[in-house]
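Asks: What follows is the file my_file_15.cif, containing mmCIF, C-alpha atoms:
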data_work
loop_
_atom_site.label_atom_id
_atom_site.label_comp_id
_atom_site.auth_asym_id
_atom_site.auth_seq_id
_atom_site.Cartn_x
_atom_site.Cartn_y
_atom_site.Cartn_z
CA MET A 1 -29.49 -16.74 -13.18
CA LYS A 2 -30.80 -14.71 -16.09
CA LYS A 3 -27.83 -13.13 -17.83
CA ALA A 4 -24.10 -13.90 -17.95
CA VAL A 5 -21.12 -12.15 -19.54
CA LEU A 6 -18.59 -14.59 -20.96
CA ALA A 7 -14.93 -13.81 -21.64
CA TYR A 8 -14.97 -15.10 -25.20
CA SER A 9 -12.06 -15.76 -27.57
CA GLY A 10 -13.92 -17.57 -30.34
CA GLY A 11 -11.80 -20.67 -29.92
CA LEU A 12 -12.90 -24.21 -29.18
CA ASP A 13 -13.25 -23.89 -25.40
CA THR A 14 -15.18 -20.64 -25.14
CA SER A 15 -17.40 -21.42 -28.13
CA ILE A 16 -18.51 -24.59 -26.40
CA ILE A 17 -18.86 -22.79 -23.08
CA LEU A 18 -21.17 -20.24 -24.70
CA LYS A 19 -23.47 -22.97 -25.96
CA TRP A 20 -23.19 -24.91 -22.71
CA LEU A 21 -24.23 -21.88 -20.64
CA VAL A 22 -27.32 -21.37 -22.77
CA GLU A 23 -28.33 -25.03 -22.49
CA GLU A 24 -27.23 -25.78 -18.91
CA TYR A 25 -28.36 -22.56 -17.24
CA GLY A 26 -31.02 -21.42 -19.71
CA CYS A 27 -29.68 -17.90 -19.52
CA GLU A 28 -28.90 -15.09 -21.90
CA VAL A 29 -25.18 -14.97 -22.69
CA ILE A 30 -23.30 -11.84 -23.73
CA ALA A 31 -19.90 -12.48 -25.29
CA PHE A 32 -16.98 -10.17 -24.58
CA SER A 33 -13.63 -10.15 -26.38
CA ALA A 34 -10.75 -7.88 -25.39
CA ASP A 35 -8.59 -6.55 -28.19
CA LEU A 36 -5.14 -6.65 -26.63
CA GLY A 37 -3.27 -6.81 -29.89
CA GLN A 38 -4.01 -10.34 -31.08
CA GLY A 39 -4.71 -9.06 -34.59
CA GLU A 40 -6.54 -11.32 -37.02
CA GLU A 41 -7.63 -13.66 -34.22
CA LEU A 42 -10.54 -11.29 -33.60
CA ASP A 43 -11.84 -11.56 -37.15
CA HIS A 44 -15.45 -12.77 -37.33
CA ILE A 45 -15.77 -12.92 -33.51
CA PRO A 46 -19.24 -11.28 -33.40
CA GLU A 47 -20.50 -13.58 -36.15
CA LYS A 48 -19.18 -16.68 -34.38
CA ALA A 49 -20.62 -15.62 -31.05
CA LYS A 50 -24.12 -14.97 -32.37
CA LYS A 51 -24.17 -18.21 -34.37
CA THR A 52 -23.34 -20.08 -31.19
CA GLY A 53 -26.08 -18.43 -29.16
CA ALA A 54 -24.85 -15.09 -27.82
CA SER A 55 -27.45 -12.34 -27.58
CA LYS A 56 -24.82 -9.66 -27.97
CA CYS A 57 -21.06 -9.41 -28.52
CA TYR A 58 -18.68 -6.75 -27.29
CA ILE A 59 -15.19 -6.25 -28.73
CA GLU A 60 -13.32 -3.67 -26.70
CA ASP A 61 -10.10 -2.09 -27.97
CA LEU A 62 -7.95 -2.14 -24.83
CA ARG A 63 -4.52 -1.99 -26.43
CA GLU A 64 -3.45 1.41 -25.14
CA GLU A 65 -4.87 0.86 -21.67
CA PHE A 66 -3.24 -2.56 -21.54
CA VAL A 67 0.26 -1.28 -22.26
CA ARG A 68 -0.03 2.06 -20.42
CA ASP A 69 -1.74 0.92 -17.21
CA PHE A 70 -0.65 -2.69 -16.87
CA VAL A 71 2.46 -3.56 -18.90
CA PHE A 72 4.41 -0.35 -18.22
CA PRO A 73 3.85 -0.35 -14.42
CA MET A 74 5.00 -3.97 -14.34
CA PHE A 75 8.09 -3.15 -16.39
CA ARG A 76 8.98 -0.31 -14.01
CA ALA A 77 9.51 -3.15 -11.55
CA ASN A 78 11.47 -5.26 -14.06
CA ALA A 79 9.15 -8.06 -12.99
CA ILE A 80 10.06 -11.45 -14.44
CA TYR A 81 8.58 -14.61 -12.92
CA GLU A 82 11.16 -17.21 -11.88
CA GLY A 83 13.80 -15.23 -13.73
CA ARG A 84 12.49 -16.15 -17.18
CA TYR A 85 8.81 -15.39 -17.82
CA PHE A 86 7.73 -11.86 -18.75
CA LEU A 87 4.19 -12.47 -17.47
CA GLY A 88 2.50 -11.78 -20.79
CA THR A 89 -0.64 -13.79 -20.08
CA SER A 90 -0.72 -12.97 -16.37
CA ILE A 91 -0.77 -9.19 -16.79
CA ALA A 92 -3.63 -9.29 -19.31
CA ARG A 93 -6.10 -11.08 -17.05
CA PRO A 94 -6.84 -8.28 -14.55
CA LEU A 95 -7.68 -5.88 -17.38
CA ILE A 96 -9.97 -8.43 -19.04
CA ALA A 97 -11.69 -9.02 -15.68
CA LYS A 98 -12.05 -5.26 -15.14
CA LYS A 99 -13.71 -4.64 -18.50
CA GLN A 100 -15.85 -7.78 -18.20
CA MET A 101 -17.23 -6.54 -14.89
CA GLU A 102 -17.93 -3.11 -16.37
CA ILE A 103 -19.97 -4.75 -19.13
CA ALA A 104 -21.78 -6.94 -16.61
CA ALA A 105 -22.74 -3.85 -14.61
CA ALA A 106 -23.88 -1.96 -17.72
CA GLU A 107 -25.94 -4.90 -18.96
CA GLY A 108 -27.44 -5.78 -15.58
CA ALA A 109 -25.92 -9.26 -15.74
CA ASP A 110 -25.98 -11.38 -12.60
CA ALA A 111 -23.07 -13.66 -13.53
CA VAL A 112 -19.72 -13.78 -15.33
CA SER A 113 -17.95 -16.75 -16.86
CA HIS A 114 -14.53 -17.67 -18.24
CA GLY A 115 -12.88 -20.56 -20.08
CA ALA A 116 -9.98 -21.17 -17.70
CA THR A 117 -9.47 -24.75 -16.55
CA GLY A 118 -9.43 -25.96 -12.97
CA LYS A 119 -5.75 -26.86 -13.35
CA GLY A 120 -4.36 -23.49 -14.32
CA ASN A 121 -3.56 -20.02 -13.07
CA ASP A 122 -6.07 -18.05 -15.12
CA GLN A 123 -9.07 -19.16 -13.07
CA VAL A 124 -7.48 -17.46 -10.06
CA ARG A 125 -6.49 -14.33 -11.98
CA PHE A 126 -9.95 -13.82 -13.48
CA GLU A 127 -11.90 -14.52 -10.34
CA LEU A 128 -9.77 -12.43 -7.98
CA GLY A 129 -10.44 -9.59 -10.41
CA TYR A 130 -14.18 -10.27 -10.48
CA TYR A 131 -14.47 -10.30 -6.70
CA HIS A 132 -12.44 -7.11 -6.42
CA PHE A 133 -15.10 -5.26 -8.42
CA ASP A 134 -18.15 -7.08 -7.01
CA PRO A 135 -17.73 -9.36 -3.98
CA ALA A 136 -21.22 -10.83 -4.55
CA VAL A 137 -20.88 -11.67 -8.27
CA LYS A 138 -21.84 -15.17 -9.42
CA VAL A 139 -18.89 -16.83 -11.19
CA ILE A 140 -19.42 -19.78 -13.53
CA ALA A 141 -16.32 -21.80 -14.34
CA PRO A 142 -17.53 -24.61 -16.65
CA TRP A 143 -14.25 -26.54 -16.50
CA ARG A 144 -14.92 -27.07 -12.79
CA GLU A 145 -18.51 -28.22 -13.42
CA TRP A 146 -18.94 -30.14 -16.64
CA ASP A 147 -17.84 -33.65 -17.65
CA LEU A 148 -16.18 -32.54 -20.91
CA ASN A 149 -12.73 -33.38 -19.60
CA SER A 150 -10.72 -33.80 -22.80
CA ARG A 151 -10.06 -32.14 -26.15
CA THR A 152 -11.81 -35.06 -27.87
CA ALA A 153 -14.92 -34.61 -25.73
CA LEU A 154 -15.01 -30.91 -26.59
CA GLU A 155 -14.75 -31.61 -30.32
CA GLU A 156 -17.57 -34.18 -30.10
CA TYR A 157 -19.76 -31.68 -28.24
CA ALA A 158 -19.06 -29.06 -30.90
CA LYS A 159 -19.95 -31.48 -33.68
CA LYS A 160 -23.13 -32.59 -31.93
CA HIS A 161 -24.37 -29.02 -31.47
CA GLY A 162 -23.21 -27.67 -34.81
CA ILE A 163 -20.84 -25.19 -33.24
CA PRO A 164 -18.70 -23.52 -35.95
CA VAL A 165 -15.29 -24.15 -34.44
CA PRO A 166 -12.50 -24.97 -36.90
CA THR A 167 -9.97 -27.38 -35.43
CA SER A 168 -6.51 -27.87 -36.88
CA LYS A 169 -4.19 -30.80 -36.32
CA LYS A 170 -1.41 -28.64 -37.77
CA ASN A 171 -1.47 -26.34 -34.73
CA PRO A 172 -2.86 -28.49 -31.92
CA TRP A 173 -1.32 -26.57 -29.04
CA SER A 174 -3.03 -23.91 -26.96
CA SER A 175 -1.87 -20.31 -27.38
CA ASP A 176 -2.59 -16.88 -25.95
CA ARG A 177 -1.54 -13.70 -27.73
CA ASN A 178 -1.44 -10.00 -26.92
CA LEU A 179 0.85 -7.03 -27.55
CA LEU A 180 3.36 -8.24 -24.97
CA HIS A 181 3.74 -11.87 -26.03
CA ILE A 182 2.36 -15.09 -27.39
CA SER A 183 2.38 -18.30 -25.36
CA PHE A 184 2.16 -21.96 -26.33
CA GLU A 185 1.18 -24.94 -24.16
CA GLY A 186 0.02 -28.52 -24.62
CA ASP A 187 0.39 -31.26 -27.25
CA VAL A 188 4.06 -31.95 -28.08
CA LEU A 189 5.12 -29.43 -25.42
CA GLU A 190 3.84 -31.76 -22.72
CA ASP A 191 7.02 -33.76 -23.32
CA PRO A 192 9.66 -31.64 -21.54
CA TRP A 193 12.43 -33.29 -23.59
CA ALA A 194 10.92 -32.50 -26.99
CA GLU A 195 12.07 -29.35 -28.75
CA ALA A 196 9.30 -26.97 -29.76
CA PRO A 197 8.71 -27.21 -33.53
CA GLU A 198 10.00 -24.23 -35.49
CA HIS A 199 6.74 -23.66 -37.35
CA MET A 200 5.03 -23.00 -34.01
CA TYR A 201 6.64 -19.58 -33.58
CA VAL A 202 4.64 -16.55 -34.70
CA LEU A 203 6.38 -13.34 -33.64
CA SER A 204 10.03 -14.15 -34.31
CA VAL A 205 12.32 -15.74 -36.85
CA ALA A 206 14.75 -18.43 -35.77
CA PRO A 207 17.89 -16.70 -34.42
CA GLU A 208 20.06 -18.57 -36.93
CA GLU A 209 17.87 -17.16 -39.73
CA ALA A 210 18.05 -13.58 -38.43
CA PRO A 211 20.03 -10.92 -40.33
CA ASP A 212 23.81 -11.29 -40.30
CA THR A 213 24.18 -7.57 -39.59
CA PRO A 214 23.35 -6.22 -36.12
CA GLU A 215 20.84 -3.42 -35.71
CA TYR A 216 20.91 -0.67 -33.10
CA VAL A 217 17.84 0.84 -31.48
CA GLU A 218 17.62 3.83 -29.13
CA ILE A 219 14.84 3.90 -26.53
CA GLU A 220 14.06 6.99 -24.47
CA PHE A 221 12.53 6.80 -20.99
CA LYS A 222 10.69 9.27 -18.81
CA ASN A 223 9.97 8.39 -15.17
CA GLY A 224 10.72 4.76 -15.99
CA ASP A 225 8.36 4.49 -18.98
CA PRO A 226 9.51 4.29 -22.61
CA ILE A 227 8.31 7.23 -24.68
CA ALA A 228 10.28 7.10 -27.96
CA VAL A 229 12.08 4.68 -30.27
CA ASN A 230 14.90 6.03 -32.43
CA GLY A 231 13.76 9.56 -31.66
CA GLU A 232 10.14 8.98 -32.67
CA GLN A 233 7.56 9.66 -29.97
CA LEU A 234 5.03 6.81 -29.87
CA SER A 235 1.95 5.89 -27.87
CA PRO A 236 2.44 2.98 -25.43
CA ALA A 237 0.76 0.42 -27.71
CA ASP A 238 2.51 1.66 -30.85
CA LEU A 239 5.86 1.66 -29.08
CA LEU A 240 5.54 -1.94 -27.96
CA PHE A 241 4.32 -2.95 -31.42
CA LYS A 242 7.40 -1.30 -32.94
CA LEU A 243 9.74 -3.12 -30.58
CA ASN A 244 7.99 -6.41 -31.35
CA GLU A 245 8.73 -5.91 -35.03
CA LEU A 246 12.39 -5.11 -34.37
CA GLY A 247 12.86 -7.95 -31.92
CA GLY A 248 11.03 -10.51 -34.03
CA LYS A 249 13.16 -9.62 -37.03
CA HIS A 250 16.28 -10.55 -35.06
CA GLY A 251 14.90 -13.67 -33.36
CA ILE A 252 14.80 -12.05 -29.93
CA GLY A 253 12.55 -13.04 -27.03
CA ARG A 254 12.07 -16.81 -27.26
CA VAL A 255 11.81 -18.63 -23.92
CA ASP A 256 11.17 -22.32 -23.23
CA LEU A 257 10.66 -23.05 -19.55
CA MET A 258 9.15 -25.27 -16.91
CA GLU A 259 7.24 -22.97 -14.58
CA ASN A 260 5.57 -23.52 -11.23
CA ARG A 261 1.86 -22.88 -11.42
CA TYR A 262 0.08 -21.30 -8.47
CA VAL A 263 -2.06 -24.42 -8.01
CA GLY A 264 1.09 -26.47 -7.37
CA MET A 265 2.04 -28.36 -10.52
CA LYS A 266 4.87 -27.73 -12.94
CA SER A 267 3.94 -26.78 -16.47
CA ARG A 268 5.88 -26.21 -19.65
CA GLY A 269 5.37 -22.99 -21.54
CA VAL A 270 7.03 -21.62 -24.65
CA TYR A 271 6.88 -17.86 -25.04
CA GLU A 272 7.78 -15.18 -27.55
CA THR A 273 8.28 -11.72 -26.04
CA PRO A 274 10.46 -9.82 -28.53
CA GLY A 275 9.50 -6.25 -27.65
CA GLY A 276 9.36 -6.90 -23.92
CA THR A 277 12.84 -8.42 -23.94
CA ILE A 278 14.29 -5.32 -25.61
CA LEU A 279 12.31 -3.04 -23.31
CA GLU A 280 13.55 -4.69 -20.12
CA GLU A 281 17.16 -4.56 -21.29
CA ALA A 282 16.89 -0.88 -22.23
CA HIS A 283 15.12 -0.01 -18.97
CA ARG A 284 17.89 -1.65 -16.98
CA GLY A 285 20.39 0.33 -19.00
CA VAL A 286 18.88 3.71 -18.10
CA GLU A 287 18.42 2.65 -14.48
CA SER A 288 22.10 1.73 -14.27
CA ILE A 289 23.13 5.34 -14.80
CA THR A 290 20.31 7.12 -12.94
CA MET A 291 19.31 5.03 -9.89
CA ASP A 292 20.98 5.19 -6.51
CA ARG A 293 22.70 1.93 -5.64
CA GLU A 294 20.80 1.14 -2.45
CA VAL A 295 17.46 2.16 -3.96
CA MET A 296 18.11 -0.16 -6.89
CA HIS A 297 19.16 -3.04 -4.67
CA LEU A 298 16.06 -2.59 -2.50
CA ARG A 299 13.80 -2.57 -5.54
CA ASP A 300 15.57 -5.59 -7.03
CA SER A 301 15.08 -7.55 -3.80
CA LEU A 302 11.32 -7.06 -4.24
CA ILE A 303 11.14 -8.23 -7.87
CA PRO A 304 10.41 -11.90 -7.07
CA ARG A 305 7.59 -10.90 -4.71
CA TYR A 306 6.08 -8.46 -7.21
CA ALA A 307 6.30 -11.02 -10.03
CA GLU A 308 4.56 -13.62 -7.87
CA MET A 309 1.73 -11.19 -7.17
CA VAL A 310 1.17 -10.67 -10.90
CA TYR A 311 1.57 -14.34 -11.77
CA ASN A 312 -0.79 -15.49 -9.02
CA GLY A 313 -3.50 -12.94 -9.84
CA TYR A 314 -3.11 -10.35 -7.08
CA TRP A 315 -2.93 -7.26 -9.31
CA PHE A 316 -5.75 -5.52 -7.42
CA ALA A 317 -4.49 -6.57 -3.99
CA PRO A 318 -3.39 -3.87 -1.52
CA GLU A 319 0.10 -5.32 -1.21
CA ARG A 320 0.70 -4.98 -4.96
CA GLU A 321 -0.60 -1.42 -4.93
CA ALA A 322 1.62 -0.53 -1.97
CA LEU A 323 4.65 -2.06 -3.64
CA GLN A 324 3.80 -0.26 -6.88
CA ALA A 325 3.85 3.07 -5.05
CA LEU A 326 7.36 2.34 -3.81
CA ILE A 327 8.53 1.21 -7.25
CA ASP A 328 7.04 4.25 -8.97
CA ASP A 329 8.87 6.50 -6.54
CA THR A 330 12.17 4.86 -7.50
CA GLN A 331 11.45 5.63 -11.16
CA LYS A 332 11.27 9.42 -10.85
CA THR A 333 14.93 9.72 -11.84
CA VAL A 334 14.85 7.07 -14.58
CA ASN A 335 15.04 9.55 -17.42
CA GLY A 336 17.33 9.08 -20.38
CA LYS A 337 18.19 6.88 -23.33
CA ALA A 338 19.59 3.42 -23.87
CA ARG A 339 21.16 2.16 -27.09
CA VAL A 340 20.54 -1.56 -27.60
CA LYS A 341 22.27 -3.88 -30.05
CA LEU A 342 20.06 -6.54 -31.67
CA TYR A 343 21.75 -9.57 -33.19
CA LYS A 344 20.66 -13.16 -33.77
CA GLY A 345 18.47 -13.75 -30.74
CA HIS A 346 20.37 -11.47 -28.39
CA CYS A 347 19.94 -7.89 -27.28
CA ARG A 348 22.25 -5.95 -24.99
CA VAL A 349 22.74 -2.37 -23.95
CA VAL A 350 25.84 -0.83 -25.54
CA GLY A 351 25.21 2.77 -24.49
CA ARG A 352 23.25 4.74 -21.93
CA GLN A 353 22.89 8.45 -21.12
CA SER A 354 20.81 10.86 -19.07
CA GLU A 355 21.06 14.63 -19.46
CA THR A 356 19.07 15.31 -16.29
CA ASP A 357 19.61 12.48 -13.79
CA SER A 358 22.93 10.77 -14.49
CA LEU A 359 24.85 9.72 -11.36
CA PHE A 360 27.96 8.85 -13.34
CA ASN A 361 30.82 11.26 -12.68
CA VAL A 362 33.88 10.57 -14.79
CA GLU A 363 36.09 12.58 -12.44
CA PHE A 364 35.49 10.00 -9.72
CA ALA A 365 35.39 6.91 -11.92
CA THR A 366 38.35 7.59 -14.22
CA PHE A 367 41.47 5.43 -14.25
CA GLU A 368 43.44 8.55 -15.06
CA ALA A 369 44.72 11.10 -12.53
CA ASP A 370 42.04 12.95 -10.59
CA GLU A 371 41.75 15.61 -7.88
CA VAL A 372 38.50 14.48 -6.19
CA TYR A 373 39.25 11.04 -4.77
CA ASN A 374 41.98 10.18 -2.27
CA GLN A 375 42.82 6.54 -2.85
CA ALA A 376 44.54 6.31 0.53
CA ASP A 377 41.12 6.70 2.18
CA ALA A 378 40.28 3.18 1.00
CA GLU A 379 42.63 1.67 3.56
CA GLY A 380 40.56 2.76 6.54
CA PHE A 381 37.33 1.89 4.70
CA ILE A 382 38.56 -1.66 4.15
CA LYS A 383 39.84 -2.11 7.70
CA ILE A 384 36.57 -0.98 9.26
CA ASN A 385 34.52 -3.21 6.97
CA SER A 386 36.81 -6.18 7.61
CA LEU A 387 36.69 -5.82 11.39
CA ARG A 388 34.09 -8.53 11.99
CA LEU A 389 35.95 -10.91 9.71
CA ARG A 390 39.25 -10.27 11.48
CA ILE A 391 37.69 -10.74 14.90
CA ARG A 392 36.09 -14.00 13.75
CA SER A 393 39.40 -15.28 12.42
CA MET A 394 41.18 -14.36 15.69
CA MET A 395 38.59 -16.14 17.82
CA GLN A 396 38.75 -19.29 15.68
CA LYS A 397 42.55 -19.40 16.00
CA ASN A 398 42.36 -18.91 19.79
CA ARG A 399 40.04 -21.91 20.05
#
What does this structure look like when you write it as structure tokens?
Replies:
Amino acid sequence: MKKAVLAYSGGLDTSIILKWLVEEYGCEVIAFSADLGQGEELDHIPEKAKKTGASKCYIEDLREEFVRDFVFPMFRANAIYEGRYFLGTSIARPLIAKKQMEIAAAEGADAVSHGATGKGNDQVRFELGYYHFDPAVKVIAPWREWDLNSRTALEEYAKKHGIPVPTSKKNPWSSDRNLLHISFEGDVLEDPWAEAPEHMYVLSVAPEEAPDTPEYVEIEFKNGDPIAVNGEQLSPADLLFKLNELGGKHGIGRVDLMENRYVGMKSRGVYETPGGTILEEAHRGVESITMDREVMHLRDSLIPRYAEMVYNGYWFAPEREALQALIDDTQKTVNGKARVKLYKGHCRVVGRQSETDSLFNVEFATFEADEVYNQADAEGFIKINSLRLRIRSMMQKNR
């Protein structure tokens, strides 16, 4: 192997991996960092990478592509893993893999590498993406090869090789951040009974410290995608950033859960997804007035399967693409606005409207007198639908 492209964050693990690749494989290493909205975390990345041994460092601004082509399609499906997790880390991995493979092709690299451990989901997500773009690519996963099997061992390696990696006992947990969320794992969170410390949270205030006055936000959708907040047209990335600010201000989007990893173990994760939580609630609100009942129920029955595909790394798989085509077809009528109330950690739809695709007809639904619905028709409807139950009851009595 002569040249490898490393998915590089500048943290402890990937800084050590960069040095390890140079020493273990004797190859040129190109560092690649994806800007998905992690902000100041990308500061000094090129400098760090080159000091550690990288021949070159790419930082690619993928924020708009991330939200437009990955987050929004997933939210059209209302995909939430195990009913709680908004898949913030999961949905970022296929895009990182895609761009990493593009850089590898442009640079003539014969290998790619990542910092995912052999215990987690990310190794699967990255590598399924790599093989989608190049079935013959060489993948180096140091956590599955080296003997640096603990945080202490990594810190000793860094010290020995003079790797400029600041370590902080104040924030000892692992985190991953992008425009959709921030996640936390490890350290005190490995005790499932221990409450996550308040100073850990980054994107949201504690709900009890949120404003005492509720705030209302209007979100407009077109074909299932949000296009405006409070009447202001925004790009996908800017829209999600705006909702993150609003949600974080009101303590919205915190989740503490035990999830089932693809490799088989249970793992605790704490997540902040303020904008995504508001977005899903608003999307459901517009769907409730524009989607046909049976179409909605069919789509909803597929949510767990779709969420598993994203969580397990099958974004580029044909079954996900086929399911996406069905979901996107259901979203053609999801056009309208939802008004969401934000208050102390909660958000709920309090109004919804669609000028073009509403299926709500007050003449049919009213509790007042109407001239379009004959209530006596319900008797035959009920008797026909109860026939199997009545026959069953008769047969049981005869026995």
Asks: For the file shown, what are the residues hit by the PyMOL selection byres ((chain A and resi 116-132) around 8), laid out as a PyMOL selection string?
Replies: chain A and resi 90+93-94+96-98+101+114-115+133-137+139+141+143-144+261-263+311-316
Asks: Counting all atoms listed in the file, which residues in range 66-176 of chain A sit no more than 10 Å from range 200-216 of chain A? For each one, give the nearest pair of atoms and the distance in Å, sorted by chain then residue number, as CSV.
Replies:
residue,atom,partner,partner_atom,distance
A:Lys170,CA,A:Met200,CA,9.3
A:Asn171,CA,A:Met200,CA,7.3
A:Pro172,CA,A:Met200,CA,9.8
A:Trp173,CA,A:Met200,CA,8.8
A:Ser175,CA,A:Met200,CA,9.9
Asks: Once the PyMOL selection byres ((chain A and resi 60) around 12) has been applied to the shown file, what residues remain in the selection, as a CSV table (one decimal) with C-alpha atoms, keeping the file's coordinate frame?
Replies:
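Result file part-v2.csv:
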chain,number,residue,atom,x,y,z
A,7,ALA,CA,-14.9,-13.8,-21.6
A,8,TYR,CA,-15.0,-15.1,-25.2
A,31,ALA,CA,-19.9,-12.5,-25.3
A,32,PHE,CA,-17.0,-10.2,-24.6
A,33,SER,CA,-13.6,-10.2,-26.4
A,34,ALA,CA,-10.8,-7.9,-25.4
A,35,ASP,CA,-8.6,-6.6,-28.2
A,36,LEU,CA,-5.1,-6.6,-26.6
A,37,GLY,CA,-3.3,-6.8,-29.9
A,42,LEU,CA,-10.5,-11.3,-33.6
A,45,ILE,CA,-15.8,-12.9,-33.5
A,46,PRO,CA,-19.2,-11.3,-33.4
A,57,CYS,CA,-21.1,-9.4,-28.5
A,58,TYR,CA,-18.7,-6.8,-27.3
A,59,ILE,CA,-15.2,-6.2,-28.7
A,61,ASP,CA,-10.1,-2.1,-28.0
A,62,LEU,CA,-8.0,-2.1,-24.8
A,63,ARG,CA,-4.5,-2.0,-26.4
A,64,GLU,CA,-3.4,1.4,-25.1
A,65,GLU,CA,-4.9,0.9,-21.7
A,66,PHE,CA,-3.2,-2.6,-21.5
A,95,LEU,CA,-7.7,-5.9,-17.4
A,96,ILE,CA,-10.0,-8.4,-19.0
A,98,LYS,CA,-12.0,-5.3,-15.1
A,99,LYS,CA,-13.7,-4.6,-18.5
A,100,GLN,CA,-15.8,-7.8,-18.2
A,102,GLU,CA,-17.9,-3.1,-16.4
A,103,ILE,CA,-20.0,-4.8,-19.1
Asks: Could you tell me how far CA of Gly231 in chain A sits from CA of Phe72 in chain A, in Å to one decimal place?
Replies: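 Distance reported for this atom pair: 19.1 Å.
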Asks: Quote the spacing between CA of Arg320 in chain A and CA of Arg305 in chain A in Å to one decimal place.
Replies: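 Interatomic distance, CA of Arg320 in chain A to CA of Arg305 in chain A: 9.1 Å.
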Asks: Pick out the residues sitting within 8 Å of Ile219 in chain A, and hand them over as number ranges by chain; count only C-alpha atoms, and ignore anything fewer than 3 positions along from it in its own chain.
Replies: A: 226-231, 282, 337-340
Asks: Which residue gives the smallest distance to Leu298 in chain A among A:Ala378, A:Ala77, A:Leu21, A:Arg68, with all atoms listed in the file counted?
Replies: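 Ranked by minimum distance to Leu298 in chain A, first place goes to A:Ala77.
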Asks: Using the chain letters and numbers from the file, give me the residues hit by the PyMOL selection byres ((chain A and resi 13) around 12), as a ChimeraX atom specification.
Replies: /A:6-12,14-20,114-117,141-143,148-155,157-158,163-167,174
Asks: Just how far from CA of Ala325 in chain A is CA of Met291 in chain A, in Å to one decimal?
Replies: 16.3 Å
